[in-house]
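So this block is upload01.cif, mmCIF, C-alpha atoms:
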data_run
#
loop_
_atom_site.group_PDB
_atom_site.id
_atom_site.type_symbol
_atom_site.label_atom_id
_atom_site.label_comp_id
_atom_site.auth_asym_id
_atom_site.auth_seq_id
_atom_site.Cartn_x
_atom_site.Cartn_y
_atom_site.Cartn_z
ATOM 1 C CA MET A 7 110.885 122.644 113.205
ATOM 2 C CA GLN A 8 112.420 119.767 111.273
ATOM 3 C CA GLN A 9 113.231 120.779 107.699
ATOM 4 C CA PRO A 10 111.949 118.602 104.837
ATOM 5 C CA SER A 11 114.583 116.265 103.454
ATOM 6 C CA LEU A 12 114.945 115.511 99.747
ATOM 7 C CA VAL A 13 114.466 111.785 99.100
ATOM 8 C CA PHE A 14 114.441 111.558 95.310
ATOM 9 C CA HIS A 15 114.913 113.889 92.343
ATOM 10 C CA SER A 16 115.113 112.897 88.684
ATOM 11 C CA ASN A 17 114.259 116.168 86.940
ATOM 12 C CA SER A 18 110.558 115.294 86.770
ATOM 13 C CA GLU A 19 108.239 118.102 85.719
ATOM 14 C CA LEU A 20 105.268 116.779 87.692
ATOM 15 C CA LEU A 21 105.768 114.279 90.511
ATOM 16 C CA GLU A 22 102.467 113.141 92.033
ATOM 17 C CA GLY A 23 100.314 110.528 93.721
ATOM 18 C CA PRO A 24 102.345 109.200 96.685
ATOM 19 C CA VAL A 25 100.690 106.242 98.384
ATOM 20 C CA PHE A 26 102.238 104.190 101.178
ATOM 21 C CA ASP A 27 101.869 100.418 101.527
ATOM 22 C CA HIS A 28 101.709 100.216 105.326
ATOM 23 C CA GLU A 29 101.888 96.424 105.437
ATOM 24 C CA ASN A 30 105.038 96.086 103.339
ATOM 25 C CA GLU A 31 106.508 99.557 104.020
ATOM 26 C CA LEU A 32 106.864 100.589 100.392
ATOM 27 C CA LEU A 33 106.138 103.950 98.798
ATOM 28 C CA TYR A 34 104.635 104.332 95.334
ATOM 29 C CA PHE A 35 104.437 107.559 93.331
ATOM 30 C CA VAL A 36 104.310 108.719 89.713
ATOM 31 C CA SER A 37 105.877 111.183 87.304
ATOM 32 C CA ILE A 38 102.697 112.038 85.403
ATOM 33 C CA LEU A 39 103.950 113.613 82.191
ATOM 34 C CA ASP A 40 106.948 111.279 81.918
ATOM 35 C CA GLY A 41 104.620 108.290 82.217
ATOM 36 C CA ILE A 42 106.631 106.640 84.999
ATOM 37 C CA ALA A 43 105.421 104.689 88.035
ATOM 38 C CA TYR A 44 107.899 104.323 90.914
ATOM 39 C CA CYS A 45 108.311 101.960 93.854
ATOM 40 C CA LEU A 46 110.608 103.099 96.682
ATOM 41 C CA ASN A 47 111.824 100.936 99.549
ATOM 42 C CA PRO A 48 112.607 103.517 102.270
ATOM 43 C CA LYS A 49 114.791 101.065 104.207
ATOM 44 C CA THR A 50 117.044 99.871 101.390
ATOM 45 C CA LYS A 51 116.661 103.049 99.245
ATOM 46 C CA GLU A 52 115.948 100.853 96.214
ATOM 47 C CA ILE A 53 113.864 102.660 93.586
ATOM 48 C CA LEU A 54 112.182 100.692 90.817
ATOM 49 C CA SER A 55 110.366 102.197 87.837
ATOM 50 C CA VAL A 56 108.011 101.124 85.062
ATOM 51 C CA HIS A 57 107.372 103.267 81.972
ATOM 52 C CA PHE A 58 104.109 103.942 80.135
ATOM 53 C CA ASP A 59 103.337 105.409 76.734
ATOM 54 C CA SER A 60 100.870 107.959 78.149
ATOM 55 C CA PRO A 61 100.540 110.105 81.303
ATOM 56 C CA VAL A 62 100.197 108.010 84.465
ATOM 57 C CA SER A 63 98.407 109.632 87.372
ATOM 58 C CA CYS A 64 97.852 107.397 90.370
ATOM 59 C CA ILE A 65 98.487 104.008 91.902
ATOM 60 C CA TYR A 66 96.296 101.549 93.798
ATOM 61 C CA ILE A 67 98.030 99.003 96.028
ATOM 62 C CA GLN A 68 97.159 95.345 95.404
ATOM 63 C CA ASP A 69 99.844 93.234 97.082
ATOM 64 C CA LYS A 70 103.559 93.403 97.862
ATOM 65 C CA LYS A 71 105.178 95.176 94.889
ATOM 66 C CA LYS A 72 101.966 94.653 92.908
ATOM 67 C CA VAL A 73 99.771 97.623 92.029
ATOM 68 C CA ILE A 74 97.233 98.986 89.569
ATOM 69 C CA ALA A 75 98.359 102.181 87.818
ATOM 70 C CA ALA A 76 96.000 104.520 85.964
ATOM 71 C CA SER A 77 97.394 105.841 82.696
ATOM 72 C CA LYS A 78 95.554 107.817 80.033
ATOM 73 C CA ASN A 79 95.476 104.675 77.901
ATOM 74 C CA GLY A 80 93.979 102.524 80.628
ATOM 75 C CA PHE A 81 94.558 100.877 83.988
ATOM 76 C CA PHE A 82 97.482 98.454 84.120
ATOM 77 C CA GLU A 83 98.613 95.812 86.581
ATOM 78 C CA ILE A 84 102.275 96.340 87.511
ATOM 79 C CA ASP A 85 104.479 93.721 89.111
ATOM 80 C CA PHE A 86 107.529 95.527 90.470
ATOM 81 C CA ASN A 87 109.122 92.146 91.211
ATOM 82 C CA THR A 88 109.503 91.592 87.469
ATOM 83 C CA LEU A 89 109.025 95.204 86.218
ATOM 84 C CA GLU A 90 106.291 93.944 83.920
ATOM 85 C CA LYS A 91 102.875 95.451 83.284
ATOM 86 C CA LYS A 92 99.700 94.269 81.580
ATOM 87 C CA PHE A 93 96.440 95.953 80.648
ATOM 88 C CA ALA A 94 93.653 95.522 83.193
ATOM 89 C CA PHE A 95 90.702 97.711 82.160
ATOM 90 C CA GLN A 96 89.671 101.102 80.825
ATOM 91 C CA ILE A 97 86.877 103.576 81.474
ATOM 92 C CA ASN A 98 85.271 105.248 78.471
ATOM 93 C CA ILE A 99 86.811 108.706 78.875
ATOM 94 C CA ALA A 100 87.017 111.429 76.229
ATOM 95 C CA ASN A 101 90.181 111.792 74.141
ATOM 96 C CA ASP A 102 90.827 115.281 75.511
ATOM 97 C CA VAL A 103 90.983 114.296 79.193
ATOM 98 C CA ARG A 104 93.354 112.303 81.371
ATOM 99 C CA TYR A 105 93.066 110.718 84.794
ATOM 100 C CA ASN A 106 94.318 112.505 87.881
ATOM 101 C CA ASP A 107 93.988 111.641 91.584
ATOM 102 C CA GLY A 108 92.341 108.411 92.725
ATOM 103 C CA ILE A 109 91.566 106.308 95.789
ATOM 104 C CA LYS A 110 90.270 102.784 96.465
ATOM 105 C CA ASP A 111 87.426 102.064 98.869
ATOM 106 C CA PRO A 112 87.333 99.019 101.216
ATOM 107 C CA ILE A 113 85.069 97.113 98.810
ATOM 108 C CA GLY A 114 87.717 97.446 96.105
ATOM 109 C CA ARG A 115 86.122 100.150 93.966
ATOM 110 C CA TYR A 116 88.581 102.279 92.012
ATOM 111 C CA ILE A 117 87.564 105.920 92.387
ATOM 112 C CA ILE A 118 89.310 108.364 90.052
ATOM 113 C CA GLY A 119 88.913 111.894 88.723
ATOM 114 C CA THR A 120 89.655 113.320 85.282
ATOM 115 C CA MET A 121 90.703 116.687 83.886
ATOM 116 C CA GLY A 122 91.195 118.256 80.469
ATOM 117 C CA TYR A 123 94.398 117.216 78.667
ATOM 118 C CA PRO A 124 96.570 118.573 77.175
ATOM 119 C CA THR A 125 94.534 121.712 77.962
ATOM 120 C CA VAL A 126 92.526 122.201 81.151
ATOM 121 C CA VAL A 127 88.894 122.931 80.250
ATOM 122 C CA ASP A 128 86.327 124.314 82.691
ATOM 123 C CA LYS A 129 83.843 121.665 83.915
ATOM 124 C CA LYS A 130 85.322 119.035 81.585
ATOM 125 C CA GLY A 131 86.255 116.565 84.345
ATOM 126 C CA LYS A 132 84.338 113.933 86.269
ATOM 127 C CA VAL A 133 84.898 111.519 89.126
ATOM 128 C CA PHE A 134 84.274 107.873 88.270
ATOM 129 C CA SER A 135 83.973 104.635 90.201
ATOM 130 C CA PHE A 136 84.988 101.311 88.607
ATOM 131 C CA HIS A 137 84.115 97.945 90.131
ATOM 132 C CA GLU A 138 83.748 94.399 88.815
ATOM 133 C CA GLY A 139 83.860 95.327 85.168
ATOM 134 C CA SER A 140 81.558 98.338 85.157
ATOM 135 C CA TYR A 141 81.857 102.011 85.987
ATOM 136 C CA LYS A 142 79.612 104.925 86.932
ATOM 137 C CA THR A 143 79.966 108.665 87.384
ATOM 138 C CA LEU A 144 80.020 109.889 90.980
ATOM 139 C CA ILE A 145 80.686 113.616 90.511
ATOM 140 C CA GLU A 146 80.173 115.695 87.365
ATOM 141 C CA ASN A 147 81.366 119.060 86.029
ATOM 142 C CA THR A 148 84.748 119.211 87.758
ATOM 143 C CA THR A 149 87.674 121.138 86.299
ATOM 144 C CA ILE A 150 90.815 119.743 87.967
ATOM 145 C CA SER A 151 89.730 116.692 89.961
ATOM 146 C CA ASN A 152 92.316 116.328 92.690
ATOM 147 C CA GLY A 153 92.590 115.194 96.307
ATOM 148 C CA LEU A 154 90.399 112.359 97.604
ATOM 149 C CA ALA A 155 90.307 111.132 101.219
ATOM 150 C CA PHE A 156 87.979 108.924 103.252
ATOM 151 C CA SER A 157 87.015 109.464 106.873
ATOM 152 C CA ASP A 158 88.074 106.659 109.194
ATOM 153 C CA ASP A 159 84.679 104.924 109.039
ATOM 154 C CA LYS A 160 84.506 105.468 105.247
ATOM 155 C CA SER A 161 81.124 107.225 105.560
ATOM 156 C CA ILE A 162 82.554 110.536 104.282
ATOM 157 C CA LEU A 163 84.528 111.203 101.115
ATOM 158 C CA TYR A 164 86.424 114.500 100.941
ATOM 159 C CA PHE A 165 87.195 115.842 97.475
ATOM 160 C CA ILE A 166 89.117 118.750 95.954
ATOM 161 C CA ASP A 167 88.283 120.372 92.623
ATOM 162 C CA THR A 168 91.282 122.693 92.603
ATOM 163 C CA PRO A 169 89.819 125.891 91.032
ATOM 164 C CA THR A 170 87.054 126.033 93.667
ATOM 165 C CA GLN A 171 89.761 126.571 96.339
ATOM 166 C CA LYS A 172 87.612 124.378 98.577
ATOM 167 C CA VAL A 173 87.317 120.884 100.028
ATOM 168 C CA ALA A 174 83.910 119.298 99.463
ATOM 169 C CA LYS A 175 82.333 116.791 101.827
ATOM 170 C CA TYR A 176 80.248 113.944 100.406
ATOM 171 C CA HIS A 177 78.311 111.269 102.252
ATOM 172 C CA TYR A 178 79.561 107.926 100.962
ATOM 173 C CA ASP A 179 77.359 104.842 100.810
ATOM 174 C CA LEU A 180 79.862 102.023 101.132
ATOM 175 C CA GLU A 181 77.315 99.351 100.213
ATOM 176 C CA LYS A 182 76.200 101.025 96.976
ATOM 177 C CA GLY A 183 79.293 103.108 96.247
ATOM 178 C CA ASP A 184 77.261 106.295 95.801
ATOM 179 C CA VAL A 185 77.996 109.825 96.987
ATOM 180 C CA VAL A 186 75.716 112.682 98.068
ATOM 181 C CA PHE A 187 77.101 116.208 98.367
ATOM 182 C CA ASP A 188 76.898 117.634 101.895
ATOM 183 C CA SER A 189 78.850 120.899 102.043
ATOM 184 C CA TYR A 190 82.138 122.679 101.519
ATOM 185 C CA VAL A 191 84.112 122.261 104.740
ATOM 186 C CA ILE A 192 87.421 124.037 104.006
ATOM 187 C CA GLU A 193 88.284 127.079 101.910
ATOM 188 C CA LEU A 194 91.836 128.158 101.084
ATOM 189 C CA LYS A 195 92.206 131.927 100.834
ATOM 190 C CA GLY A 196 95.993 132.247 100.542
ATOM 191 C CA PRO A 197 98.254 132.034 97.496
ATOM 192 C CA GLY A 198 98.170 128.237 97.359
ATOM 193 C CA ASN A 199 95.718 126.174 95.327
ATOM 194 C CA PRO A 200 94.553 122.903 96.918
ATOM 195 C CA ASP A 201 95.983 119.882 95.098
ATOM 196 C CA GLY A 202 96.367 116.378 96.553
ATOM 197 C CA MET A 203 95.610 115.550 100.190
ATOM 198 C CA CYS A 204 95.618 112.843 102.822
ATOM 199 C CA ILE A 205 93.928 112.335 106.175
ATOM 200 C CA ASP A 206 95.520 111.500 109.534
ATOM 201 C CA LYS A 207 94.310 109.284 112.383
ATOM 202 C CA GLU A 208 92.620 112.244 114.084
ATOM 203 C CA GLY A 209 90.618 113.064 110.971
ATOM 204 C CA MET A 210 92.671 116.140 110.056
ATOM 205 C CA LEU A 211 93.176 116.834 106.344
ATOM 206 C CA TRP A 212 96.684 117.571 105.067
ATOM 207 C CA ILE A 213 96.523 119.531 101.824
ATOM 208 C CA ALA A 214 99.302 120.034 99.274
ATOM 209 C CA GLU A 215 99.250 123.638 98.080
ATOM 210 C CA TRP A 216 100.167 124.234 94.431
ATOM 211 C CA GLY A 217 101.778 127.657 94.338
ATOM 212 C CA GLY A 218 101.677 127.839 98.133
ATOM 213 C CA GLN A 219 105.018 126.178 98.907
ATOM 214 C CA CYS A 220 103.557 124.140 101.764
ATOM 215 C CA ILE A 221 101.530 121.301 103.167
ATOM 216 C CA SER A 222 98.753 122.702 105.349
ATOM 217 C CA LYS A 223 96.759 120.910 108.061
ATOM 218 C CA TRP A 224 93.019 121.545 108.442
ATOM 219 C CA ASP A 225 90.145 120.457 110.674
ATOM 220 C CA PRO A 226 87.169 119.602 108.415
ATOM 221 C CA ARG A 227 84.781 119.863 111.344
ATOM 222 C CA ASP A 228 85.139 123.646 111.604
ATOM 223 C CA GLY A 229 87.268 124.532 108.570
ATOM 224 C CA ALA A 230 90.109 125.831 110.734
ATOM 225 C CA LYS A 231 93.728 125.769 109.578
ATOM 226 C CA LYS A 232 95.864 124.108 112.246
ATOM 227 C CA ASP A 233 99.398 124.071 110.904
ATOM 228 C CA GLU A 234 101.594 124.298 107.826
ATOM 229 C CA HIS A 235 104.979 122.939 106.781
ATOM 230 C CA ASN A 236 106.950 124.786 104.124
ATOM 231 C CA LEU A 237 108.913 123.174 101.309
ATOM 232 C CA PRO A 238 111.765 124.587 99.192
ATOM 233 C CA CYS A 239 109.627 124.704 96.027
ATOM 234 C CA SER A 240 106.404 126.467 95.080
ATOM 235 C CA ASN A 241 104.317 123.698 93.569
ATOM 236 C CA VAL A 242 103.458 121.047 96.150
ATOM 237 C CA THR A 243 101.305 118.329 94.612
ATOM 238 C CA SER A 244 100.371 115.608 97.116
ATOM 239 C CA CYS A 245 101.274 113.782 100.337
ATOM 240 C CA CYS A 246 100.826 110.568 102.307
ATOM 241 C CA PHE A 247 101.719 109.214 105.735
ATOM 242 C CA ASP A 248 104.149 106.390 106.485
ATOM 243 C CA ASN A 249 103.972 104.022 109.461
ATOM 244 C CA HIS A 250 105.614 106.590 111.749
ATOM 245 C CA GLY A 251 103.094 109.365 111.139
ATOM 246 C CA ASN A 252 105.564 111.250 108.952
ATOM 247 C CA LEU A 253 104.866 112.645 105.502
ATOM 248 C CA TYR A 254 106.098 111.873 102.031
ATOM 249 C CA VAL A 255 105.458 114.859 99.771
ATOM 250 C CA THR A 256 105.600 115.165 95.970
ATOM 251 C CA THR A 257 106.283 118.425 94.116
ATOM 252 C CA ALA A 258 106.431 119.867 90.603
ATOM 253 C CA LYS A 259 108.614 122.316 88.731
ATOM 254 C CA SER A 260 107.578 125.963 88.675
ATOM 255 C CA GLY A 261 110.009 127.564 86.251
ATOM 256 C CA LEU A 262 110.887 130.199 88.826
ATOM 257 C CA PRO A 263 114.544 131.292 88.773
ATOM 258 C CA GLY A 264 116.683 129.614 91.403
ATOM 259 C CA GLU A 265 114.065 127.019 92.286
ATOM 260 C CA LEU A 266 116.000 123.829 91.669
ATOM 261 C CA LEU A 267 114.192 121.204 93.754
ATOM 262 C CA GLY A 268 110.729 121.308 92.181
ATOM 263 C CA GLY A 269 109.754 117.867 90.932
ATOM 264 C CA GLY A 270 111.411 116.197 93.911
ATOM 265 C CA LEU A 271 110.099 113.798 96.559
ATOM 266 C CA PHE A 272 110.466 115.039 100.135
ATOM 267 C CA TYR A 273 110.091 113.619 103.636
ATOM 268 C CA ILE A 274 108.785 115.640 106.579
ATOM 269 C CA GLU A 275 109.409 114.254 110.064
ATOM 270 C CA LEU A 276 106.430 115.219 112.153
ATOM 271 C CA ASN A 277 107.223 112.601 114.786
ATOM 272 C CA LYS A 278 110.993 112.458 114.966
ATOM 273 C CA LYS A 279 111.129 110.196 118.028
ATOM 274 C CA LEU A 280 109.025 107.538 116.320
ATOM 275 C CA SER A 281 111.080 107.259 113.145
ATOM 276 C CA SER A 282 114.100 105.046 112.827
#

Taking this structure as input, can you express it in the form of structure tokens?
Amino acid sequence: MQQPSLVFHSNSELLEGPVFDHENELLYFVSILDGIAYCLNPKTKEILSVHFDSPVSCIYIQDKKKVIAASKNGFFEIDFNTLEKKFAFQINIANDVRYNDGIKDPIGRYIIGTMGYPTVVDKKGKVFSFHEGSYKTLIENTTISNGLAFSDDKSILYFIDTPTQKVAKYHYDLEKGDVVFDSYVIELKGPGNPDGMCIDKEGMLWIAEWGGQCISKWDPRDGAKKDEHNLPCSNVTSCCFDNHGNLYVTTAKSGLPGELLGGGLFYIELNKKLSS
């Protein structure tokens, strides 16, 4: 099995939120607690960064080198061509929470979860949807709102609230932007806690395991674990696919002795023949 390769490491405590721009072949990710948003060109190896004055949790792609980034102090438009940012909008969140994982639907709604900050508080989080100047709550009473992934037809939204150790399935009304809980489709029973996730073309969910030292692959139709890929650090935070069907994976520091690569960005070649 191909070993993960280290792509980027800058001593970040908590690297998160990788999202791949398939049209322009650019990778975006964040260092949450450092308040940094990154843009990586995998071909040229150029890495650009923009700094914030509060934790930044996730990125929504807008155009080539243009994104929306969610920071605790609001959502900002970033132009990585000029390395400039400007305030876009804010949701009325409590002072003792911050944003975490997010995803955009095909209509352009910004879906994002929250969690207690600087202290995690049970049932303090929510999942919001923002669109055309207004927002609403989709999911209430979450603790650590994490991974979000749509099915291919966008009729299902999968969601992870980390302490539940489960992946929840919601029916998603694309026209109205509403969700209805269906069931829990996956339960992790090992040492790892489910963090961020992504979905592949076959509808399999790839889950980053905090404390589990791996990315695991699951079938949401029957809850079966299909595969796992280990990384050289305990806290794996999130993942996304590039145009070759290979994975970019973010990680965080653990404080364990001898574990030097936590907080790095890794690449896992699942389809070696397709990559170039």

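Residue membership of the PyMOL selection byres ((chain A and resi 15) around 10) in the shown file amounts to Leu12, Val13, Phe14, Ser16, Asn17, Ser18, Leu21, Thr257, Leu267, Gly268, Gly269, Gly270, Leu271 and Phe272 of chain A.
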
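In terms of minimum interatomic distance to Ser135 of chain A, A:Arg115 ranks closest within A:Arg115, A:His28, A:Lys72, A:Lys175, counting only C-alpha atoms.
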
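Interatomic distance, atom CA of Gly108 of chain A against atom CA of Leu211 of chain A: 16.0 Å.
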
Legend entry - Selected residue, from A:Pro24, A:Pro238, A:Gly153, A:Gly80, that lies nearest to Ile213 of chain A when counting all atoms listed in the file: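 Of A:Pro24, A:Pro238, A:Gly153, A:Gly80, the one nearest Ile213 of chain A is A:Gly153, counting all atoms listed in the file.
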
Inset, instruction - Tell me which residues the PyMOL selection byres ((chain A and resi 137-148) around 8) grabs here, as a PyMOL selection string. - result: chain A and resi 95+97+114-116+121+128-136+149-151+167+184-185

Using the atoms already present, construct N, CA and C atoms for segment 154-173 of chain A and hand them back as a PDB file, keeping the file's coordinate frame.
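As written to disk, selection_28.pdb reads:
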ATOM      1  N   LEU A 154      91.481 113.206  97.106  1.00  0.00           N
ATOM      2  CA  LEU A 154      90.399 112.359  97.604  1.00  0.00           C
ATOM      3  C   LEU A 154      90.841 111.728  98.919  1.00  0.00           C
ATOM      4  N   ALA A 155      89.966 111.738  99.926  1.00  0.00           N
ATOM      5  CA  ALA A 155      90.307 111.132 101.219  1.00  0.00           C
ATOM      6  C   ALA A 155      89.038 110.668 101.905  1.00  0.00           C
ATOM      7  N   PHE A 156      89.099 109.468 102.498  1.00  0.00           N
ATOM      8  CA  PHE A 156      87.979 108.924 103.252  1.00  0.00           C
ATOM      9  C   PHE A 156      88.138 109.213 104.738  1.00  0.00           C
ATOM     10  N   SER A 157      87.010 109.451 105.411  1.00  0.00           N
ATOM     11  CA  SER A 157      87.015 109.464 106.873  1.00  0.00           C
ATOM     12  C   SER A 157      87.325 108.057 107.363  1.00  0.00           C
ATOM     13  N   ASP A 158      87.647 107.939 108.639  1.00  0.00           N
ATOM     14  CA  ASP A 158      88.074 106.659 109.194  1.00  0.00           C
ATOM     15  C   ASP A 158      87.013 105.571 109.021  1.00  0.00           C
ATOM     16  N   ASP A 159      85.748 105.923 109.174  1.00  0.00           N
ATOM     17  CA  ASP A 159      84.679 104.924 109.039  1.00  0.00           C
ATOM     18  C   ASP A 159      84.173 104.797 107.610  1.00  0.00           C
ATOM     19  N   LYS A 160      84.809 105.516 106.696  1.00  0.00           N
ATOM     20  CA  LYS A 160      84.506 105.468 105.247  1.00  0.00           C
ATOM     21  C   LYS A 160      83.103 105.978 104.916  1.00  0.00           C
ATOM     22  N   SER A 161      82.459 106.680 105.831  1.00  0.00           N
ATOM     23  CA  SER A 161      81.124 107.225 105.560  1.00  0.00           C
ATOM     24  C   SER A 161      81.188 108.596 104.891  1.00  0.00           C
ATOM     25  N   ILE A 162      82.373 109.216 104.883  1.00  0.00           N
ATOM     26  CA  ILE A 162      82.554 110.536 104.282  1.00  0.00           C
ATOM     27  C   ILE A 162      83.704 110.476 103.288  1.00  0.00           C
ATOM     28  N   LEU A 163      83.477 111.055 102.114  1.00  0.00           N
ATOM     29  CA  LEU A 163      84.528 111.203 101.115  1.00  0.00           C
ATOM     30  C   LEU A 163      84.783 112.692 100.919  1.00  0.00           C
ATOM     31  N   TYR A 164      86.024 113.112 101.182  1.00  0.00           N
ATOM     32  CA  TYR A 164      86.424 114.500 100.941  1.00  0.00           C
ATOM     33  C   TYR A 164      87.032 114.590  99.546  1.00  0.00           C
ATOM     34  N   PHE A 165      86.764 115.711  98.866  1.00  0.00           N
ATOM     35  CA  PHE A 165      87.195 115.842  97.475  1.00  0.00           C
ATOM     36  C   PHE A 165      87.575 117.290  97.162  1.00  0.00           C
ATOM     37  N   ILE A 166      88.650 117.433  96.386  1.00  0.00           N
ATOM     38  CA  ILE A 166      89.117 118.750  95.954  1.00  0.00           C
ATOM     39  C   ILE A 166      88.968 118.882  94.444  1.00  0.00           C
ATOM     40  N   ASP A 167      88.236 119.904  94.008  1.00  0.00           N
ATOM     41  CA  ASP A 167      88.283 120.372  92.623  1.00  0.00           C
ATOM     42  C   ASP A 167      89.063 121.681  92.701  1.00  0.00           C
ATOM     43  N   THR A 168      90.314 121.644  92.282  1.00  0.00           N
ATOM     44  CA  THR A 168      91.282 122.693  92.603  1.00  0.00           C
ATOM     45  C   THR A 168      90.791 124.131  92.385  1.00  0.00           C
ATOM     46  N   PRO A 169      90.197 124.489  91.243  1.00  0.00           N
ATOM     47  CA  PRO A 169      89.819 125.891  91.032  1.00  0.00           C
ATOM     48  C   PRO A 169      88.774 126.429  92.016  1.00  0.00           C
ATOM     49  N   THR A 170      88.028 125.561  92.688  1.00  0.00           N
ATOM     50  CA  THR A 170      87.054 126.033  93.667  1.00  0.00           C
ATOM     51  C   THR A 170      87.724 126.591  94.917  1.00  0.00           C
ATOM     52  N   GLN A 171      89.004 126.199  95.132  1.00  0.00           N
ATOM     53  CA  GLN A 171      89.761 126.571  96.339  1.00  0.00           C
ATOM     54  C   GLN A 171      89.150 125.978  97.606  1.00  0.00           C
ATOM     55  N   LYS A 172      88.339 124.939  97.439  1.00  0.00           N
ATOM     56  CA  LYS A 172      87.612 124.378  98.577  1.00  0.00           C
ATOM     57  C   LYS A 172      87.752 122.863  98.654  1.00  0.00           C
ATOM     58  N   VAL A 173      87.455 122.328  99.833  1.00  0.00           N
ATOM     59  CA  VAL A 173      87.317 120.884 100.028  1.00  0.00           C
ATOM     60  C   VAL A 173      85.837 120.582 100.218  1.00  0.00           C
TER      61      VAL A 173
END
